[in-house]
file model.cif (mmCIF, C-alpha atoms)
data_upload
#
loop_
_atom_site.label_atom_id
_atom_site.label_comp_id
_atom_site.auth_asym_id
_atom_site.auth_seq_id
_atom_site.Cartn_x
_atom_site.Cartn_y
_atom_site.Cartn_z
CA MET J 3 7.45 42.78 91.48
CA THR J 4 5.01 44.80 89.36
CA LYS J 5 6.60 43.48 86.17
CA LYS J 6 6.41 39.90 87.47
CA LEU J 7 2.71 40.30 88.26
CA HIS J 8 1.97 41.71 84.80
CA LYS J 9 3.85 38.79 83.27
CA THR J 10 1.93 36.28 85.36
CA LEU J 11 -1.45 37.81 84.46
CA GLU J 12 -0.84 38.40 80.74
CA SER J 13 -2.51 35.11 79.69
CA THR J 14 -5.57 35.65 81.91
CA ILE J 15 -8.61 37.95 81.82
CA PHE J 16 -6.63 40.26 84.14
CA ALA J 17 -4.04 41.06 81.46
CA GLY J 18 -3.26 44.78 81.53
CA ALA J 19 -4.95 45.33 84.89
CA PRO J 20 -3.38 48.13 86.98
CA VAL J 21 -1.04 46.93 89.73
CA ILE J 22 -0.66 49.39 92.64
CA PRO J 23 2.19 48.74 95.13
CA VAL J 24 0.90 49.57 98.63
CA SER J 25 2.51 49.72 102.05
CA ALA J 26 0.59 51.15 104.98
CA LYS J 27 3.70 51.00 107.17
CA PRO J 28 6.88 51.09 105.06
CA GLY J 29 9.75 49.26 106.77
CA GLY J 30 7.52 47.37 109.21
CA PRO J 31 6.15 48.15 112.69
CA ASP J 32 9.56 49.12 114.13
CA ALA J 33 10.47 51.51 111.32
CA PRO J 34 10.37 55.27 111.87
CA GLU J 35 7.21 57.13 110.92
CA ILE J 36 7.09 57.31 107.15
CA PRO J 37 4.00 58.23 105.15
CA ALA J 38 2.09 55.31 103.68
CA VAL J 39 2.97 54.35 100.11
CA GLY J 40 0.43 53.82 97.37
CA VAL J 41 -2.75 54.18 99.46
CA GLU J 42 -3.95 57.32 97.66
CA GLU J 43 -3.08 55.80 94.29
CA LEU J 44 -5.07 52.68 95.20
CA ILE J 45 -8.11 54.77 96.20
CA GLU J 46 -7.99 56.69 92.93
CA ALA J 47 -7.63 53.47 90.92
CA LEU J 48 -10.64 51.97 92.68
CA LYS J 49 -12.67 55.10 91.98
CA ALA J 50 -11.70 54.99 88.30
CA HIS J 51 -12.78 51.35 87.90
CA SER J 52 -15.99 51.43 89.96
CA TYR J 53 -19.41 52.96 89.42
CA VAL J 54 -22.72 53.46 91.20
CA PRO J 55 -25.19 51.09 89.57
CA LYS J 56 -28.43 52.53 88.25
CA ARG J 57 -31.44 51.07 90.04
CA GLU J 58 -34.69 50.70 88.12
CA GLU J 59 -38.04 50.55 89.89
CA SER J 60 -39.91 49.66 86.72
CA GLY J 61 -40.33 46.15 85.39
CA ILE J 62 -41.40 42.95 87.04
CA PHE J 63 -40.50 42.32 90.66
CA ILE J 64 -38.02 39.47 91.13
CA PHE J 65 -36.65 38.63 94.56
CA ALA J 66 -33.87 36.10 95.25
CA VAL J 67 -34.57 34.38 98.58
CA ASP J 68 -31.55 32.99 100.43
CA HIS J 69 -33.19 32.24 103.79
CA CYS J 70 -36.68 31.63 105.10
CA PHE J 71 -37.79 31.41 108.75
CA SER J 72 -40.83 32.00 110.94
CA ILE J 73 -41.39 34.56 113.73
CA ARG J 74 -44.07 33.67 116.22
CA GLY J 75 -46.96 36.11 116.11
CA GLN J 76 -45.72 37.76 112.91
CA GLY J 77 -45.54 35.21 110.11
CA THR J 78 -42.86 33.88 107.79
CA VAL J 79 -39.90 36.06 106.79
CA MET J 80 -38.10 35.62 103.47
CA THR J 81 -34.74 37.40 103.33
CA GLY J 82 -32.88 38.14 100.12
CA THR J 83 -32.08 40.70 97.42
CA VAL J 84 -34.38 42.49 95.00
CA LEU J 85 -33.06 41.60 91.53
CA SER J 86 -35.46 43.82 89.58
CA GLY J 87 -38.53 46.02 89.99
CA ALA J 88 -39.96 47.20 93.29
CA ILE J 89 -42.17 45.87 96.09
CA ALA J 90 -44.36 47.60 98.68
CA VAL J 91 -46.34 46.54 101.73
CA ASN J 92 -49.74 44.99 100.80
CA ASP J 93 -48.49 43.96 97.33
CA ASN J 94 -49.13 40.38 96.23
CA VAL J 95 -46.14 38.18 95.47
CA GLU J 96 -45.89 34.68 94.01
CA ILE J 97 -43.62 31.76 94.84
CA PRO J 98 -43.52 30.36 91.27
CA SER J 99 -42.06 26.97 92.08
CA MET J 100 -45.05 26.26 94.33
CA LYS J 101 -47.67 28.32 92.48
CA VAL J 102 -48.52 30.07 95.78
CA THR J 103 -49.51 33.75 96.04
CA LYS J 104 -49.19 35.73 99.31
CA LYS J 105 -49.69 39.33 100.44
CA VAL J 106 -46.75 41.29 101.90
CA LYS J 107 -47.56 42.02 105.54
CA SER J 108 -44.43 44.03 106.41
CA MET J 109 -40.80 44.59 105.40
CA GLN J 110 -37.52 45.43 107.13
CA MET J 111 -34.11 46.62 105.93
CA PHE J 112 -31.28 46.33 108.47
CA LYS J 113 -33.82 45.93 111.31
CA GLN J 114 -35.69 49.07 110.28
CA PRO J 115 -39.32 48.89 109.02
CA VAL J 116 -39.76 50.10 105.42
CA GLY J 117 -42.76 50.47 103.17
CA LYS J 118 -40.97 49.92 99.86
CA ALA J 119 -37.90 48.20 98.42
CA ILE J 120 -36.38 48.56 94.95
CA GLN J 121 -33.78 46.85 92.77
CA GLY J 122 -30.54 46.17 94.66
CA ASP J 123 -32.05 46.43 98.16
CA ARG J 124 -31.38 43.76 100.75
CA VAL J 125 -34.71 43.22 102.51
CA GLY J 126 -36.75 40.87 104.67
CA ILE J 127 -40.34 40.30 103.49
CA CYS J 128 -42.94 39.00 105.93
CA VAL J 129 -45.97 37.01 104.73
CA THR J 130 -48.57 35.02 106.65
CA GLN J 131 -49.81 31.44 106.55
CA PHE J 132 -46.77 30.02 104.81
CA ASP J 133 -44.58 27.15 106.07
CA PRO J 134 -40.89 28.25 105.89
CA LYS J 135 -39.81 24.60 105.51
CA GLN J 136 -41.26 24.65 102.00
CA LEU J 137 -38.81 27.28 100.77
CA GLU J 138 -35.17 27.48 101.83
CA ARG J 139 -33.87 29.26 98.73
CA GLY J 140 -35.48 30.28 95.47
CA LEU J 141 -37.31 33.06 93.68
CA VAL J 142 -40.31 35.23 94.54
CA SER J 143 -41.88 37.50 91.93
CA THR J 144 -44.83 39.45 90.64
CA PRO J 145 -47.65 36.89 90.15
CA GLY J 146 -47.32 35.17 86.77
CA ALA J 147 -43.99 36.84 85.89
CA LEU J 148 -41.62 33.85 85.98
CA PRO J 149 -42.13 30.76 83.81
CA THR J 150 -41.88 27.24 85.13
CA MET J 151 -40.11 25.40 82.34
CA VAL J 152 -40.11 21.79 81.25
CA ALA J 153 -37.47 22.52 78.60
CA GLY J 154 -35.47 25.44 77.25
CA ILE J 155 -33.17 26.59 74.46
CA ILE J 156 -29.87 28.23 75.36
CA SER J 157 -26.84 29.69 73.66
CA VAL J 158 -23.94 27.52 74.74
CA GLN J 159 -20.16 27.31 74.95
CA LYS J 160 -18.00 24.42 76.08
CA ILE J 161 -15.76 25.04 79.08
CA ARG J 162 -12.27 24.43 77.77
CA TYR J 163 -11.01 22.81 80.98
CA TYR J 164 -13.59 20.02 80.65
CA LYS J 165 -11.77 17.15 78.93
CA GLY J 166 -14.69 14.83 78.25
CA THR J 167 -17.01 14.75 75.24
CA VAL J 168 -20.21 16.77 75.62
CA ALA J 169 -22.47 14.61 73.47
CA THR J 170 -26.01 15.10 72.24
CA LYS J 171 -28.55 12.95 74.15
CA ALA J 172 -26.26 12.81 77.19
CA LYS J 173 -27.53 13.77 80.64
CA PHE J 174 -25.97 16.57 82.69
CA HIS J 175 -26.69 18.41 85.92
CA ILE J 176 -28.25 21.71 84.80
CA THR J 177 -27.94 24.66 87.18
CA MET J 178 -30.20 27.67 86.68
CA GLY J 179 -30.40 30.18 89.51
CA HIS J 180 -30.83 28.31 92.79
CA GLU J 181 -31.98 25.07 91.17
CA THR J 182 -29.99 22.13 89.84
CA VAL J 183 -31.82 19.36 87.97
CA MET J 184 -30.92 16.56 85.61
CA GLY J 185 -31.48 17.30 81.94
CA ARG J 186 -30.86 15.81 78.52
CA VAL J 187 -29.07 17.96 75.93
CA ALA J 188 -29.26 18.23 72.14
CA PHE J 189 -26.81 20.53 70.34
CA PHE J 190 -27.24 22.46 67.10
CA GLY J 191 -25.54 25.45 65.52
CA ILE J 192 -24.86 27.85 62.69
CA THR J 193 -21.91 27.20 60.42
CA GLY J 194 -19.98 29.97 58.69
CA SER J 195 -19.36 33.55 59.82
CA THR J 196 -21.76 34.94 57.18
CA GLU J 197 -24.61 32.83 58.48
CA ALA J 198 -23.87 33.90 62.04
CA ALA J 199 -24.10 37.56 61.09
CA ASP J 200 -27.47 37.08 59.40
CA LEU J 201 -29.50 36.79 62.60
CA THR J 202 -33.16 37.63 62.58
CA SER J 203 -33.66 38.37 66.27
CA ASP J 204 -31.85 40.16 69.06
CA THR J 205 -31.34 36.92 70.99
CA GLY J 206 -29.61 35.26 68.06
CA LEU J 207 -32.29 32.54 67.88
CA SER J 208 -35.09 32.41 65.34
CA PHE J 209 -37.65 29.77 64.48
CA GLU J 210 -37.54 31.09 60.90
CA ARG J 211 -34.01 29.92 60.12
CA SER J 212 -32.40 26.50 59.81
CA TYR J 213 -29.74 25.06 62.12
CA MET J 214 -27.37 22.13 61.71
CA TYR J 215 -27.62 19.17 64.06
CA GLN J 216 -24.47 18.43 66.10
CA ASP J 217 -23.45 15.10 67.60
CA GLU J 218 -21.46 16.98 70.23
CA LEU J 219 -20.60 20.43 71.53
CA PHE J 220 -17.42 21.88 70.05
CA SER J 221 -14.87 24.06 71.79
CA GLU J 222 -12.55 26.60 70.17
CA MET J 223 -9.91 23.87 69.88
CA SER J 224 -11.75 20.72 68.85
CA LYS J 225 -10.31 17.46 67.61
CA VAL J 226 -11.10 15.52 64.50
CA ASP J 227 -11.32 11.72 64.34
CA SER J 228 -7.62 11.35 63.62
CA GLY J 229 -6.75 13.11 66.86
CA ASP J 230 -5.18 16.11 65.11
CA GLU J 231 -6.15 19.50 66.40
CA ILE J 232 -8.11 21.81 64.15
CA ASP J 233 -6.47 25.17 63.59
CA THR J 234 -8.67 27.68 65.40
CA THR J 235 -7.89 30.31 62.78
CA ASP J 236 -9.93 28.28 60.28
CA ARG J 237 -13.45 28.53 61.66
CA SER J 238 -14.98 26.69 58.70
CA HIS J 239 -14.49 23.42 60.61
CA LEU J 240 -16.57 24.62 63.53
CA PRO J 241 -20.02 26.17 64.03
CA SER J 242 -19.84 29.94 64.45
CA ARG J 243 -22.59 29.86 67.06
CA GLN J 244 -23.91 26.95 69.08
CA TYR J 245 -27.18 26.26 70.88
CA ALA J 246 -28.63 23.51 73.04
CA LEU J 247 -32.09 22.17 73.68
CA LEU J 248 -32.38 21.22 77.35
CA GLU J 249 -35.09 18.77 78.42
CA PHE J 250 -35.50 18.69 82.22
CA GLU J 251 -36.44 15.69 84.32
CA LYS J 252 -38.52 18.00 86.53
CA PRO J 253 -39.83 21.57 86.01
CA VAL J 254 -37.52 24.53 86.71
CA THR J 255 -38.35 28.14 87.58
CA CYS J 256 -35.81 30.83 86.71
CA ILE J 257 -35.46 34.44 85.61
CA PRO J 258 -35.36 35.43 81.92
CA ALA J 259 -31.95 35.25 80.18
CA CYS J 260 -30.42 33.58 83.24
CA LEU J 261 -27.00 31.93 83.35
CA VAL J 262 -27.08 28.18 82.69
CA ILE J 263 -24.31 25.78 83.75
CA GLY J 264 -24.05 22.14 82.73
CA SER J 265 -21.89 19.83 84.81
CA LYS J 266 -21.12 16.23 85.75
CA LEU J 267 -21.50 16.43 89.51
CA ASP J 268 -21.45 12.64 89.81
CA THR J 269 -17.77 12.61 88.79
CA ASP J 270 -15.40 11.44 91.54
CA ILE J 271 -14.64 14.52 93.64
CA HIS J 272 -11.12 13.21 94.29
CA ALA J 273 -10.33 13.04 90.57
CA ASN J 274 -8.21 15.91 89.29
CA VAL J 275 -10.68 16.90 86.56
CA CYS J 276 -13.02 19.78 85.81
CA ARG J 277 -16.66 18.80 86.36
CA LEU J 278 -18.16 21.88 84.68
CA ALA J 279 -18.87 21.01 81.02
CA PHE J 280 -20.62 24.01 79.44
CA HIS J 281 -22.27 27.34 80.15
CA GLY J 282 -24.76 29.53 78.34
CA CYS J 283 -27.68 31.93 78.48
CA LEU J 284 -31.37 31.05 78.43
CA LEU J 285 -32.93 32.24 75.17
CA GLU J 286 -36.27 30.47 74.93
CA PRO J 287 -38.11 29.03 77.95
CA ILE J 288 -40.55 26.22 77.07
CA THR J 289 -43.48 25.84 79.44
CA ASP J 290 -45.85 23.66 77.40
CA ALA J 291 -45.75 20.06 78.63
CA LYS J 292 -46.67 18.95 75.08
CA TYR J 293 -43.74 20.86 73.57
CA LYS J 294 -42.66 17.86 71.47
CA GLU J 295 -45.87 18.24 69.45
CA THR J 296 -46.35 22.03 69.66
CA ILE J 297 -42.89 23.67 69.84
CA LEU J 298 -40.22 21.32 68.50
CA PRO J 299 -41.74 20.94 65.00
CA LYS J 300 -41.18 24.70 64.59
CA LEU J 301 -37.48 24.35 65.45
CA LYS J 302 -35.70 23.72 62.13
CA ILE J 303 -32.75 21.52 63.02
CA PHE J 304 -31.55 19.41 60.13
CA LYS J 305 -29.22 16.50 59.50
CA ASN J 306 -27.33 16.15 56.24
CA LYS J 307 -28.02 12.78 54.63
CA MET J 308 -26.28 11.08 51.72
CA ARG J 309 -26.96 7.84 49.86
CA GLU J 310 -24.87 6.24 47.14
CA GLY J 311 -25.79 3.71 44.46
CA VAL J 312 -24.61 2.69 40.99
CA ILE J 313 -25.97 3.04 37.47
CA GLU J 314 -26.87 -0.41 36.19
CA ARG J 315 -27.78 0.24 32.59
CA LEU J 316 -28.80 2.73 29.94
CA LEU J 317 -32.39 3.23 28.75
CA ASP J 318 -31.75 6.06 26.33
CA GLU J 319 -29.53 9.12 26.15
CA TYR J 320 -31.75 10.88 28.73
CA SER J 321 -32.60 8.01 31.10
CA VAL J 322 -30.71 5.42 33.14
CA ILE J 323 -31.59 2.68 35.62
CA GLY J 324 -29.85 2.62 39.00
CA ARG J 325 -29.63 0.23 41.93
CA SER J 326 -28.25 -0.05 45.51
CA LEU J 327 -29.59 3.38 46.47
CA PHE J 328 -32.72 1.97 48.15
CA LYS J 329 -33.68 -1.23 49.88
CA LYS J 330 -36.22 -3.54 48.33
CA GLU J 331 -38.85 -2.51 50.89
CA SER J 332 -38.21 1.25 50.52
CA ASN J 333 -41.05 3.48 49.36
CA ILE J 334 -39.32 5.05 46.36
CA GLN J 335 -42.29 7.34 45.70
CA THR J 336 -41.20 9.52 48.63
CA PHE J 337 -37.94 10.19 46.78
CA VAL J 338 -39.49 11.07 43.42
CA GLY J 339 -38.41 14.53 42.24
CA LEU J 340 -35.19 14.62 44.28
CA LYS J 341 -31.99 15.54 42.47
CA VAL J 342 -29.11 13.10 42.11
CA LYS J 343 -25.61 13.44 40.69
CA LEU J 344 -23.61 10.93 38.67
CA SER J 345 -19.91 10.41 39.28
CA THR J 346 -19.37 11.40 35.65
CA GLY J 347 -20.76 14.88 36.38
CA GLU J 348 -24.36 14.78 35.08
CA GLU J 349 -27.25 15.84 37.29
CA GLY J 350 -30.65 14.21 37.13
CA VAL J 351 -33.95 13.65 38.89
CA ILE J 352 -35.44 10.45 40.29
CA GLU J 353 -38.54 9.67 38.23
CA GLY J 354 -39.71 6.59 40.13
CA GLY J 355 -39.09 2.95 40.84
CA PHE J 356 -38.19 0.30 38.29
CA GLY J 357 -39.41 -3.17 39.10
CA GLN J 358 -39.81 -4.56 42.61
CA SER J 359 -36.19 -4.96 43.70
CA GLY J 360 -35.41 -1.38 44.75
CA LYS J 361 -34.14 -0.21 41.37
CA PHE J 362 -35.02 3.29 40.18
CA LYS J 363 -35.17 5.42 37.08
CA VAL J 364 -33.23 8.67 36.69
CA ARG J 365 -34.01 11.35 34.11
CA ILE J 366 -31.06 13.44 32.86
CA SER J 367 -32.70 16.57 31.46
CA ASN J 368 -29.60 17.79 29.61
CA GLY J 369 -28.70 14.34 28.33
CA LEU J 370 -25.77 12.09 29.13
CA LEU J 371 -22.24 13.00 28.13
CA SER J 372 -20.82 11.15 25.15
CA ALA J 373 -18.21 9.41 27.32
CA THR J 374 -20.94 8.23 29.71
CA LEU J 375 -23.06 6.99 26.81
CA GLU J 376 -20.09 5.07 25.44
CA GLN J 377 -19.28 3.47 28.80
CA LEU J 378 -22.89 2.44 29.46
CA SER J 379 -23.24 1.17 25.89
CA VAL J 380 -20.14 -1.04 26.32
CA THR J 381 -21.54 -2.33 29.62
CA LYS J 382 -24.87 -3.06 27.95
CA LYS J 383 -23.21 -5.00 25.11
CA LYS J 384 -21.10 -7.03 27.52
CA SER J 385 -24.14 -8.00 29.56
CA LYS J 386 -25.88 -9.30 26.41
CA GLY J 387 -22.93 -11.23 24.98
CA LYS J 388 -21.27 -14.37 26.28
CA THR J 389 -17.52 -14.14 26.84
CA SER J 390 -14.99 -16.74 27.80
CA ALA J 391 -12.96 -16.61 31.01
CA THR J 392 -9.88 -15.63 28.95
CA GLU J 393 -11.74 -12.74 27.30
CA GLU J 394 -13.09 -11.51 30.68
CA ALA J 395 -9.61 -11.52 32.19
CA SER J 396 -8.27 -9.64 29.18
CA THR J 397 -11.07 -7.07 29.49
CA GLN J 398 -10.40 -6.52 33.22
CA ASN J 399 -6.68 -6.05 32.60
CA ALA J 400 -7.40 -3.45 29.93
CA ALA J 401 -9.93 -1.56 32.07
CA THR J 402 -9.30 2.07 32.82
CA PRO J 403 -10.69 4.25 35.65
CA SER J 404 -13.27 5.60 33.20
CA HIS J 405 -14.73 2.09 32.92
CA GLN J 406 -15.37 1.76 36.63
CA PRO J 407 -19.07 1.54 37.67
CA ILE J 408 -20.79 4.92 37.47
CA LYS J 409 -21.91 5.98 40.93
CA VAL J 410 -25.06 7.98 41.66
CA THR J 411 -25.29 10.15 44.77
CA LEU J 412 -28.42 11.43 46.51
CA ALA J 413 -27.80 14.26 49.00
CA PHE J 414 -30.57 15.84 51.08
CA LYS J 415 -31.33 17.14 54.53
CA ARG J 416 -34.06 16.15 56.93
CA TYR J 417 -35.43 18.17 59.84
CA ILE J 418 -35.18 15.98 62.93
CA TYR J 419 -38.37 17.29 64.56
CA ASP J 420 -40.48 17.30 61.39
CA PRO J 421 -43.40 14.90 62.02
CA LYS J 422 -43.72 14.34 58.24
CA LYS J 423 -40.02 13.40 57.89
CA GLN J 424 -39.78 15.32 54.62
CA MET J 425 -36.54 15.42 52.62
CA ILE J 426 -35.27 18.86 51.57
CA GLN J 427 -32.62 19.72 48.97
#
call {"tool": "encode", "arguments": {"input": "model.cif", "output": "structure tokens"}}
result
Amino acid sequence: MTKKLHKTLESTIFAGAPVIPVSAKPGGPDAPEIPAVGVEELIEALKAHSYVPKREESGIFIFAVDHCFSIRGQGTVMTGTVLSGAIAVNDNVEIPSMKVTKKVKSMQMFKQPVGKAIQGDRVGICVTQFDPKQLERGLVSTPGALPTMVAGIISVQKIRYYKGTVATKAKFHITMGHETVMGRVAFFGITGSTEAADLTSDTGLSFERSYMYQDELFSEMSKVDSGDEIDTTDRSHLPSRQYALLEFEKPVTCIPACLVIGSKLDTDIHANVCRLAFHGCLLEPITDAKYKETILPKLKIFKNKMREGVIERLLDEYSVIGRSLFKKESNIQTFVGLKVKLSTGEEGVIEGGFGQSGKFKVRISNGLLSATLEQLSVTKKKSKGKTSATEEASTQNAATPSHQPIKVTLAFKRYIYDPKKQMIQ
């Protein structure tokens, strides 16, 4: 039986866990008196895998309330567990979700009056002049200690049992502590193991570094457009660390670095599907209601952009004219100075517009290759001369891949929250 249990658990987080066979009454109630089997071994195993937690009295006071009721002649009692810090009679406490501050009148632990409670204690706290109907569950803390957020940034992982797509701009039920609210998500991440190791803060998030925009949240086994699974041993296909910006429909109060769960609770409860989509840890609470103007521009999330056009003709051995990269109404001046690459291998810089039809001029600082010069020269001569239909057909039949139109590619990235919409290379 022990071997069967180990085999069953080997693919779970309980792989390698000790299995202790126990029988308090070997043989059943009618069997002769035989000493119990495995009880002492079980006790020793429990001792070996348990510990007495260290309780800290320092730090901010945070109290998780699970019930609130009134006692006539005394006041309102909030029962719960001290998550951190300490509290004493006559201390002031705040109910952050309501922005209400009250003084502690008295406290009890297991029906015994106490003057102080510390981290880990189960306690009832009595305050006055507070309607218990306003708070069923929630958090109580040192005044000003807990932020009330309108948005937040979290580290995030997709729950592998969730089969749907977790897309940017989608809405999910966001659970943080005792509260669940609707929120819109936007995903971004770090690609490459080297980039992931080069973190500039303990939380793994920095406003000094750049992150890549993601259309969706990836799991360890993601799928490409063709439906083929990506080999999880090749992490180059996937971001090495993922984050999410959460924008809440109503403010949320929670403890620092709290667990965050995203779910689709409106899914049919009778459907045989997982409704939990992702989980993560709160890294950056955002309390400023004008965060889109004050905070988001500092968050460097970029999208990779690429445009492709063709070289129309040759000006000289250092300059060419291109088209189809911009629309007629485009402001080409905003692209001046950006680097482009020709399909023949040369690199150049956009010098400006050419005419009014969206054409542009490219400067090749090292000069065009001889093969490119030859191809563009032939194109130029053909455009000037008049050829018959027979000659054109003959020319097309004799064409080689080297005589295909020369393409010009412009690659850049743009930060999605940059109010100036600048292009970076």
call {"tool": "closest_residue", "arguments": {"input": "model.cif", "among": "J:Ile418, J:Asn368, J:Val21, J:Ile73", "to": "Lys6 (chain J)", "atoms": "only C-alpha atoms"}}
result
J:Val21
call {"tool": "residues_around", "arguments": {"input": "model.cif", "residues": "Gly360 (chain J)", "least_positions_apart": "3", "cutoff": "9 Å", "atoms": "all atoms listed in the file", "output": "mmCIF file with C-alpha atoms, in the frame of the given file"}}
result
data_model
loop_
_atom_site.group_PDB
_atom_site.id
_atom_site.type_symbol
_atom_site.label_atom_id
_atom_site.label_comp_id
_atom_site.auth_asym_id
_atom_site.auth_seq_id
_atom_site.Cartn_x
_atom_site.Cartn_y
_atom_site.Cartn_z
ATOM 1 C CA GLY J 324 -29.850 2.620 39.000
ATOM 2 C CA ARG J 325 -29.630 0.230 41.930
ATOM 3 C CA SER J 326 -28.250 -0.050 45.510
ATOM 4 C CA LEU J 327 -29.590 3.380 46.470
ATOM 5 C CA PHE J 328 -32.720 1.970 48.150
ATOM 6 C CA LYS J 329 -33.680 -1.230 49.880
ATOM 7 C CA LYS J 330 -36.220 -3.540 48.330
ATOM 8 C CA GLU J 331 -38.850 -2.510 50.890
ATOM 9 C CA SER J 332 -38.210 1.250 50.520
ATOM 10 C CA ASN J 333 -41.050 3.480 49.360
ATOM 11 C CA ILE J 334 -39.320 5.050 46.360
ATOM 12 C CA GLY J 355 -39.090 2.950 40.840
ATOM 13 C CA PHE J 356 -38.190 0.300 38.290
ATOM 14 C CA GLY J 357 -39.410 -3.170 39.100
#
call {"tool": "closest_residue", "arguments": {"input": "model.cif", "among": "J:Ile263, J:Thr193, J:Glu353, J:Val322", "to": "Gly369 (chain J)", "atoms": "only C-alpha atoms"}}
result
J:Val322
call {"tool": "atom_distance", "arguments": {"input": "model.cif", "atom1": "CA of Leu375 (chain J)", "atom2": "CA of Glu310 (chain J)"}}
result
20.4 Å
call {"tool": "closest_residue", "arguments": {"input": "model.cif", "among": "J:Ser72, J:Ser265, J:Ser25, J:Ser108", "to": "Ile176 (chain J)", "atoms": "all atoms listed in the file"}}
result
J:Ser265
call {"tool": "resolve_selection", "arguments": {"input": "model.cif", "expression": "the PyMOL selection byres ((chain J and resi 87) around 6)", "output": "list in words"}}
result
Glu59, Ser60, Gly61, Ile62, Phe63, Ser86, Ala88, Ile120 and Gln121 of chain J
call {"tool": "atom_distance", "arguments": {"input": "model.cif", "atom1": "CA of Ile366 (chain J)", "atom2": "CA of Met425 (chain J)"}}
result
20.6 Å
call {"tool": "closest_residue", "arguments": {"input": "model.cif", "among": "J:Gly282, J:Gly126, J:Gly40, J:Gly18", "to": "Ile156 (chain J)", "atoms": "all atoms listed in the file"}}
result
J:Gly282
call {"tool": "residues_around", "arguments": {"input": "model.cif", "residues": "Gln114 (chain J)", "least_positions_apart": "4", "cutoff": "12 Å", "atoms": "only C-alpha atoms", "output": "number ranges by chain"}}
result
J: 108-110, 118, 124-126
call {"tool": "write_last_selection", "arguments": {"input": "model.cif", "atoms": "C-alpha atoms", "output": "tab-separated table (two decimals), keeping the file's coordinate frame"}}
result
chain	number	residue	atom	x	y	z
J	108	SER	CA	-44.43	44.03	106.41
J	109	MET	CA	-40.80	44.59	105.40
J	110	GLN	CA	-37.52	45.43	107.13
J	118	LYS	CA	-40.97	49.92	99.86
J	124	ARG	CA	-31.38	43.76	100.75
J	125	VAL	CA	-34.71	43.22	102.51
J	126	GLY	CA	-36.75	40.87	104.67
